[in-house]
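A.B. asks: Here you go, one structure.
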Amino acid sequence: MAGEAIASGRKQTGSGIHPAGLFQSASFQRAIGRGILYLVAVSSSAVFMFPFVWTVLSSLKRGGELFRFPPTWFPEVPQFQNYPKVFEIVSWATWTWNSTFVAIVSTFGAVLTAALVGYSFARFRYPARDVLFIITLSTMMLPVEVTLIPLYLMFSKIGWLDTYRPLIIPSFFGGSAFLIFLMRQFFLSIPIDLDEAARIDGAGYVRIFWQILMPLSIPVTATAAVLTFMSQWNEFLYPFIFLNTKTKYTLAIGIRYFQAVAGFADDTEPKYHLLMAASVMMTAPIIIIFFLAQRYLVQGIVMSGIKG
Amino acid sequence: MTTKTLASIGLPLPRWMTNLRAKEAIAGYIFLLPWALGLILFIVGPMMTSGFLSFTRYDVVNPPDFVGLKNFIEIFSKDRLFWPSLMLTFRYALIVVPLSLVGALSAAMLLNQALRGTAWFRTFFFLPHLTPIVASAVLWGWIFNADVGPINHWIRTLTGSDNAPGWFRDPDWAMTGLIIMAMWGAIGGNTMLIFLAGLQGVPQELYDAAVVDGAGLWAKFRNVTIPMLTPTIFFNMVLGIIGALKVFAAAFVATQGGPAYATWFYALHIYTSAFRYFEMGYASALAWIFFFVLFTFTYVQFRQSRRWVYYAGEVD
């Protein structure tokens, strides 16, 4: 493709220019420059996409085909039944449901409380507000390890281990400092005149929040929700520490369990091809959501970086 | 509104509470409440608890036994994995972060060239970042497979010899494997998007002025792009280092800290002490040391940043 770009550039520039001046011509050098850029863009895309492509192709092979030497690109006969097979040999459907449940409920909690708290930081004046906001930001830097052990002890004391409560309930208590920051920044960009007009019309704080600010914040709320859903779906450490029963696993720890047993075949062949299918199935929903929400997402991520 | 509700249930209200300013403050605190409760229950409380536990011996079954500084002394003098795991974690961060910053900035500059198909390139670069870390550890484990993996096949074909790295099985190569895996996910991720926005925010006049002064491509990059991007570079650097120092899941799934402790990251060390040996006091001490190191390191970066970060809107 890059070769084509160079070739077509040569054709365009070559047409009107005397051959001797060809290599010095500015437009020719420009075309070469563009060609090199395309070459870099295409080849780096290929490098980034290669692991995906390899995984998808491996997931469609027969188990033994993966161990063939030298390795082959394409499956001899695509084995689409590998995908349903994953559901048979591990509790994939249950895990998928568990992940979906945990991710949706905790996303709801995190976004709702982040909006409320962000509203407080953006629209109210009270003593110590800015100090509290800085504390919020600095909790983002806290290593989880400092709180993990006491949380584990606390949750075990109140009987929350091996339930979804440790994964869900903290979200309802302003669990994500990043989201609070995101919501606050967005609310700050909405003119305060709107609030004041509503207040003159007799609206209270709750009503201003629900009927004025939130409807204007649908894009940022959607971004926040998608980002949280993704990070909850991918979360490894918390479910790994807090869940024990195999049927309660989320996909992230389920797939790790599957990886640990995939090599030790209890019947005939190793199951790496199925493990690859499982990786594809865990990643696919995230990629689909990304494509649906791409525009908002990119905006939201960029917004988080603006303040520096 | 709040005062009204309080008054309606018959609470006598002091006069200052009915004043508008106070009303606003009270409402603000009420909206803040979920966060404040969360901060106490899930962050400050646990931090204080782990601070206390770090001076005890605690195996979960028996009550904590106060031992003074014994855990810390043991960590610094006897723990044979403490220094290696701390150093290894820093080495990892100090390799991954600069490389992924350079990579992300290059990728962002490439995407900023208005090439045809930029939206596609951006998506291709970004997709690895979306891959769940566990899934990416699983798939890279297969790609790096020493015997039948594609990478080693290409290495053997290119070098014409049978020697190829053992990657996750090889103490000399496991770290490199993890670094490659991390770069795959980091270069095209949020860092790149933030750089891209930063690049688009550099005023065109500055470039025009530079061209008038006779600046070439490199001079424009060195004297306009980089200085204008320093706040973005700083933001990405601080977050990148914090993220890299906390690395856990990738190593835990891909290498389990091995082989021969070659990828025994600090977070793995804490995890093992706490949840495999159930030495909760010792592990809390490890965690607090980590917190202290991370805090100091971040603080130093902020101090240093005054020397090299340029904020266009800043008034001296």
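Residues in the structure tokens are numbered from 1 in each chain, the chains being A, B, ... in the order shown, and ligands are numbered from 1 in the order shown.
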What's the 10 Å shell around Gly103 in chain B, counting only C-alpha atoms, without same-chain residues fewer than 5 positions away, as a PyMOL selection string?
C.D. replies: chain B and resi 97-98+108-109+183-184+186-188+191-192
A.B. asks: Restrict the selected residues to N, CA and C atoms and save them as an mmCIF file, in the first residue's frame.
C.D. replies:
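Produced file selection_5.cif, reproduced below:
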data_model
loop_
_atom_site.group_PDB
_atom_site.id
_atom_site.type_symbol
_atom_site.label_atom_id
_atom_site.label_comp_id
_atom_site.auth_asym_id
_atom_site.auth_seq_id
_atom_site.Cartn_x
_atom_site.Cartn_y
_atom_site.Cartn_z
ATOM 1 N N VAL B 97 7.965 3.296 30.913
ATOM 2 C CA VAL B 97 7.355 4.626 30.810
ATOM 3 C C VAL B 97 8.025 5.497 29.736
ATOM 4 N N PRO B 98 9.362 5.658 29.747
ATOM 5 C CA PRO B 98 9.947 6.485 28.681
ATOM 6 C C PRO B 98 9.676 5.906 27.293
ATOM 7 N N ALA B 108 1.109 9.659 18.017
ATOM 8 C CA ALA B 108 0.209 10.815 17.954
ATOM 9 C C ALA B 108 0.631 11.756 16.831
ATOM 10 N N MET B 109 1.958 11.940 16.665
ATOM 11 C CA MET B 109 2.420 12.829 15.601
ATOM 12 C C MET B 109 2.107 12.250 14.229
ATOM 13 N N MET B 183 4.110 -2.452 26.466
ATOM 14 C CA MET B 183 4.206 -1.418 25.434
ATOM 15 C C MET B 183 3.089 -1.571 24.405
ATOM 16 N N TRP B 184 2.791 -2.814 24.099
ATOM 17 C CA TRP B 184 1.716 -3.083 23.136
ATOM 18 C C TRP B 184 0.424 -2.431 23.604
ATOM 19 N N ALA B 186 0.221 0.027 25.894
ATOM 20 C CA ALA B 186 0.323 1.411 26.374
ATOM 21 C C ALA B 186 0.503 2.426 25.257
ATOM 22 N N ILE B 187 1.252 2.061 24.216
ATOM 23 C CA ILE B 187 1.620 3.072 23.213
ATOM 24 C C ILE B 187 0.399 3.709 22.568
ATOM 25 N N GLY B 188 -0.549 2.866 22.144
ATOM 26 C CA GLY B 188 -1.684 3.423 21.412
ATOM 27 C C GLY B 188 -2.862 3.781 22.297
ATOM 28 N N THR B 191 -2.658 7.553 26.565
ATOM 29 C CA THR B 191 -1.508 8.446 26.444
ATOM 30 C C THR B 191 -1.443 9.043 25.048
ATOM 31 N N MET B 192 -1.631 8.198 24.043
ATOM 32 C CA MET B 192 -1.563 8.670 22.662
ATOM 33 C C MET B 192 -2.686 9.669 22.374
#
A.B. asks: Name the residues in contact with range 79-81 of chain A at a cut-off of 9 Å, using only C-alpha atoms, excluding same-chain residues fewer than 2 positions from it; report them as number ranges by chain.
C.D. replies: A: 59-62, 75-77, 83-86
A.B. asks: Kindly export the residues of the current selection with N, CA and C atoms, as an mmCIF file, in the first residue's frame.
C.D. replies:
data_model
loop_
_atom_site.group_PDB
_atom_site.id
_atom_site.type_symbol
_atom_site.label_atom_id
_atom_site.label_comp_id
_atom_site.auth_asym_id
_atom_site.auth_seq_id
_atom_site.Cartn_x
_atom_site.Cartn_y
_atom_site.Cartn_z
ATOM 1 N N SER A 59 -7.779 -19.476 17.595
ATOM 2 C CA SER A 59 -9.010 -19.928 18.250
ATOM 3 C C SER A 59 -9.856 -20.773 17.306
ATOM 4 N N LEU A 60 -9.553 -20.728 16.013
ATOM 5 C CA LEU A 60 -10.355 -21.482 15.047
ATOM 6 C C LEU A 60 -9.650 -22.766 14.605
ATOM 7 N N LYS A 61 -8.496 -23.058 15.227
ATOM 8 C CA LYS A 61 -7.760 -24.257 14.825
ATOM 9 C C LYS A 61 -8.184 -25.454 15.655
ATOM 10 N N ARG A 62 -7.786 -26.642 15.194
ATOM 11 C CA ARG A 62 -7.923 -27.822 16.053
ATOM 12 C C ARG A 62 -6.825 -27.758 17.101
ATOM 13 N N PRO A 75 -6.173 -21.840 9.989
ATOM 14 C CA PRO A 75 -6.656 -23.177 10.349
ATOM 15 C C PRO A 75 -6.964 -23.969 9.081
ATOM 16 N N GLU A 76 -6.727 -25.289 9.124
ATOM 17 C CA GLU A 76 -7.023 -26.112 7.941
ATOM 18 C C GLU A 76 -8.509 -26.024 7.625
ATOM 19 N N VAL A 77 -9.298 -26.351 8.635
ATOM 20 C CA VAL A 77 -10.743 -26.177 8.517
ATOM 21 C C VAL A 77 -11.159 -25.350 9.729
ATOM 22 N N TYR A 83 -15.876 -22.306 19.954
ATOM 23 C CA TYR A 83 -16.485 -21.295 20.814
ATOM 24 C C TYR A 83 -17.548 -21.879 21.741
ATOM 25 N N PRO A 84 -18.568 -22.605 21.175
ATOM 26 C CA PRO A 84 -19.520 -23.253 22.100
ATOM 27 C C PRO A 84 -18.843 -24.230 23.052
ATOM 28 N N LYS A 85 -17.723 -24.829 22.628
ATOM 29 C CA LYS A 85 -17.051 -25.804 23.488
ATOM 30 C C LYS A 85 -16.538 -25.169 24.778
ATOM 31 N N VAL A 86 -16.121 -23.896 24.698
ATOM 32 C CA VAL A 86 -15.655 -23.204 25.902
ATOM 33 C C VAL A 86 -16.752 -23.203 26.964
#
A.B. asks: Suppose you want the space between CA of Trp97 in chain A and CA of Leu251 in chain A; what is it in Å?
C.D. replies: 8.9 Å
A.B. asks: Please, which residues of range 168-298 of chain A, numbered as in this document, come out helix (DSSP H, G or I) from DSSP, as a PyMOL selection string?
C.D. replies: chain A and resi 168-173+177-188+192-200+205-216+218-234+237-242+246-248+251-262+272-298
A.B. asks: Keeping only C-alpha atoms, write the selected residues as an mmCIF file, in the first residue's frame.
C.D. replies:
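Once everything was written out, this is part-v8.cif:
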data_model
loop_
_atom_site.group_PDB
_atom_site.id
_atom_site.type_symbol
_atom_site.label_atom_id
_atom_site.label_comp_id
_atom_site.auth_asym_id
_atom_site.auth_seq_id
_atom_site.Cartn_x
_atom_site.Cartn_y
_atom_site.Cartn_z
ATOM 1 C CA ILE A 168 -20.029 -3.329 44.097
ATOM 2 C CA ILE A 169 -20.707 -1.410 47.295
ATOM 3 C CA PRO A 170 -17.582 0.794 47.370
ATOM 4 C CA SER A 171 -18.663 2.108 43.949
ATOM 5 C CA PHE A 172 -21.731 3.636 45.566
ATOM 6 C CA PHE A 173 -19.483 5.622 47.908
ATOM 7 C CA ALA A 177 -11.889 9.658 42.047
ATOM 8 C CA PHE A 178 -11.244 9.883 38.332
ATOM 9 C CA LEU A 179 -14.977 9.961 37.573
ATOM 10 C CA ILE A 180 -15.583 12.623 40.201
ATOM 11 C CA PHE A 181 -12.889 14.709 38.542
ATOM 12 C CA LEU A 182 -14.401 14.128 35.091
ATOM 13 C CA MET A 183 -17.935 15.077 36.191
ATOM 14 C CA ARG A 184 -16.741 18.149 38.085
ATOM 15 C CA GLN A 185 -14.790 19.399 35.086
ATOM 16 C CA PHE A 186 -17.829 18.966 32.903
ATOM 17 C CA PHE A 187 -20.240 20.672 35.290
ATOM 18 C CA LEU A 188 -17.824 23.601 35.525
ATOM 19 C CA ILE A 192 -23.997 28.859 36.158
ATOM 20 C CA ASP A 193 -26.680 31.224 34.799
ATOM 21 C CA LEU A 194 -28.768 28.151 34.064
ATOM 22 C CA ASP A 195 -28.740 27.139 37.725
ATOM 23 C CA GLU A 196 -29.566 30.647 38.795
ATOM 24 C CA ALA A 197 -32.457 30.992 36.382
ATOM 25 C CA ALA A 198 -33.854 27.702 37.663
ATOM 26 C CA ARG A 199 -33.418 28.816 41.250
ATOM 27 C CA ILE A 200 -35.351 32.017 40.575
ATOM 28 C CA TYR A 205 -30.691 21.882 44.427
ATOM 29 C CA VAL A 206 -31.879 18.368 43.671
ATOM 30 C CA ARG A 207 -34.136 19.574 40.911
ATOM 31 C CA ILE A 208 -31.369 21.682 39.359
ATOM 32 C CA PHE A 209 -29.165 18.604 39.394
ATOM 33 C CA TRP A 210 -31.682 16.247 37.814
ATOM 34 C CA GLN A 211 -33.508 18.545 35.449
ATOM 35 C CA ILE A 212 -30.888 21.069 34.402
ATOM 36 C CA LEU A 213 -27.379 19.663 34.782
ATOM 37 C CA MET A 214 -27.827 15.942 34.165
ATOM 38 C CA PRO A 215 -29.751 16.287 30.891
ATOM 39 C CA LEU A 216 -26.949 18.530 29.623
ATOM 40 C CA ILE A 218 -25.551 12.960 28.878
ATOM 41 C CA PRO A 219 -22.413 12.672 26.701
ATOM 42 C CA VAL A 220 -19.986 12.902 29.628
ATOM 43 C CA THR A 221 -22.153 10.577 31.703
ATOM 44 C CA ALA A 222 -22.113 8.069 28.860
ATOM 45 C CA THR A 223 -18.324 8.376 28.623
ATOM 46 C CA ALA A 224 -17.988 7.895 32.358
ATOM 47 C CA ALA A 225 -20.270 4.871 32.244
ATOM 48 C CA VAL A 226 -18.426 3.227 29.372
ATOM 49 C CA LEU A 227 -14.992 3.833 30.910
ATOM 50 C CA THR A 228 -16.139 2.418 34.243
ATOM 51 C CA PHE A 229 -17.827 -0.559 32.649
ATOM 52 C CA MET A 230 -14.630 -1.382 30.777
ATOM 53 C CA SER A 231 -12.400 -1.112 33.798
ATOM 54 C CA GLN A 232 -14.809 -3.180 35.904
ATOM 55 C CA TRP A 233 -15.005 -5.824 33.191
ATOM 56 C CA ASN A 234 -11.201 -6.016 33.124
ATOM 57 C CA LEU A 237 -7.171 -7.966 41.682
ATOM 58 C CA TYR A 238 -10.386 -7.357 43.628
ATOM 59 C CA PRO A 239 -12.401 -10.323 42.323
ATOM 60 C CA PHE A 240 -9.295 -12.462 42.635
ATOM 61 C CA ILE A 241 -8.861 -11.599 46.301
ATOM 62 C CA PHE A 242 -12.522 -11.517 47.296
ATOM 63 C CA LYS A 246 -15.646 -21.135 40.994
ATOM 64 C CA THR A 247 -19.207 -20.418 39.921
ATOM 65 C CA LYS A 248 -18.941 -16.908 41.346
ATOM 66 C CA LEU A 251 -14.381 -13.526 33.456
ATOM 67 C CA ALA A 252 -11.017 -12.025 34.408
ATOM 68 C CA ILE A 253 -10.324 -14.615 37.091
ATOM 69 C CA GLY A 254 -12.228 -17.311 35.237
ATOM 70 C CA ILE A 255 -9.904 -17.017 32.287
ATOM 71 C CA ARG A 256 -6.892 -17.186 34.562
ATOM 72 C CA TYR A 257 -8.264 -20.354 36.116
ATOM 73 C CA PHE A 258 -8.854 -21.731 32.639
ATOM 74 C CA GLN A 259 -5.289 -20.837 31.658
ATOM 75 C CA ALA A 260 -3.925 -22.661 34.687
ATOM 76 C CA VAL A 261 -5.776 -25.864 33.805
ATOM 77 C CA ALA A 262 -5.572 -25.622 30.000
ATOM 78 C CA TYR A 272 -4.985 -23.729 24.199
ATOM 79 C CA HIS A 273 -7.181 -23.283 21.150
ATOM 80 C CA LEU A 274 -10.174 -22.997 23.495
ATOM 81 C CA LEU A 275 -8.233 -20.627 25.737
ATOM 82 C CA MET A 276 -7.679 -18.424 22.693
ATOM 83 C CA ALA A 277 -11.402 -18.569 21.916
ATOM 84 C CA ALA A 278 -12.080 -17.559 25.523
ATOM 85 C CA SER A 279 -9.723 -14.558 25.229
ATOM 86 C CA VAL A 280 -11.522 -13.480 22.087
ATOM 87 C CA MET A 281 -14.886 -13.790 23.818
ATOM 88 C CA MET A 282 -13.729 -11.774 26.798
ATOM 89 C CA THR A 283 -12.299 -8.992 24.629
ATOM 90 C CA ALA A 284 -15.061 -8.797 22.008
ATOM 91 C CA PRO A 285 -17.713 -7.016 24.140
ATOM 92 C CA ILE A 286 -15.208 -4.316 25.081
ATOM 93 C CA ILE A 287 -14.265 -3.738 21.461
ATOM 94 C CA ILE A 288 -17.919 -3.620 20.408
ATOM 95 C CA ILE A 289 -18.704 -1.073 23.125
ATOM 96 C CA PHE A 290 -15.678 0.938 22.056
ATOM 97 C CA PHE A 291 -16.930 1.107 18.479
ATOM 98 C CA LEU A 292 -20.402 2.153 19.576
ATOM 99 C CA ALA A 293 -19.137 4.850 21.917
ATOM 100 C CA GLN A 294 -15.907 5.785 20.152
ATOM 101 C CA ARG A 295 -16.639 9.443 19.614
ATOM 102 C CA TYR A 296 -17.664 10.182 23.205
ATOM 103 C CA LEU A 297 -14.926 8.040 24.635
ATOM 104 C CA VAL A 298 -12.090 9.749 22.858
#
A.B. asks: Do a neighbour search on range 84-91 of chain B at 12 Å with only C-alpha atoms, toss out local chain neighbours closer than 5 positions, and write the hits as a CSV table (one decimal) with C-alpha atoms, in the first residue's frame.
C.D. replies:
chain,number,residue,atom,x,y,z
B,75,ILE,CA,12.2,-6.3,55.7
B,76,PHE,CA,15.4,-4.2,55.4
B,79,ASP,CA,14.0,-10.3,53.4
B,96,VAL,CA,8.3,1.0,30.1
B,97,VAL,CA,7.4,4.6,30.8
B,98,PRO,CA,9.9,6.5,28.7
B,175,MET,CA,11.1,-9.2,31.8
B,176,THR,CA,11.6,-8.3,28.2
B,178,LEU,CA,6.5,-8.4,29.9
B,179,ILE,CA,7.9,-5.0,28.7
B,241,ILE,CA,5.0,5.7,36.4
B,242,ILE,CA,2.3,5.2,39.1
B,243,GLY,CA,0.6,2.7,36.9
B,244,ALA,CA,3.8,0.9,36.0
B,245,LEU,CA,5.0,0.6,39.6
B,246,LYS,CA,1.7,-1.0,40.6
B,247,VAL,CA,2.0,-3.8,37.9
B,248,PHE,CA,0.4,-6.9,39.2
B,251,ALA,CA,3.0,-10.6,35.7
B,257,GLY,CA,6.6,-13.8,39.2
B,258,GLY,CA,9.0,-16.4,37.8
B,260,ALA,CA,13.5,-17.8,39.3
B,261,TYR,CA,11.9,-14.6,40.6
B,262,ALA,CA,12.9,-12.8,37.4
B,263,THR,CA,9.5,-10.9,37.3
B,264,TRP,CA,8.8,-10.9,41.1
B,265,PHE,CA,7.3,-7.4,41.2
B,266,TYR,CA,6.8,-5.6,44.4
B,267,ALA,CA,3.0,-6.0,44.3
B,268,LEU,CA,3.5,-9.7,43.9
B,269,HIS,CA,5.7,-9.7,47.0
B,270,ILE,CA,3.0,-8.0,49.0
B,286,LEU,CA,5.6,-3.9,52.9
B,287,ALA,CA,2.6,-2.0,51.6
B,289,ILE,CA,7.0,1.2,52.5
B,290,PHE,CA,5.7,1.0,49.0
B,293,VAL,CA,8.3,5.2,48.1
B,294,LEU,CA,5.6,6.0,45.6
B,297,PHE,CA,8.9,9.6,44.0
A.B. asks: Give the answer as one residue: which of A:Thr250, A:Ser156, A:Thr136, A:Ser45 has the shortest atom-to-atom distance to chain B, using only C-alpha atoms?
C.D. replies: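 Using only C-alpha atoms, the shortest distance to chain B belongs to A:Ser45.
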A.B. asks: Going by DSSP on the backbone, which residues of range 46-247 of chain B come out as strand (DSSP E)? List them as a list of chain:residue names.
C.D. replies: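 Of range 46-247 of chain B, the ones in strand (DSSP E) are B:Thr56, B:Arg57, B:Asp65, B:Phe66.
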A.B. asks: How many Å separate CA of Thr113 in chain A from CA of Phe31 in chain B?
C.D. replies: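 Here the two named atoms are 8.7 Å from each other.
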A.B. asks: Distance CA of Ile143 in chain B-CA of Pro51 in chain A, one decimal place?
C.D. replies: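 Interatomic distance, CA of Ile143 in chain B to CA of Pro51 in chain A: 7.2 Å.
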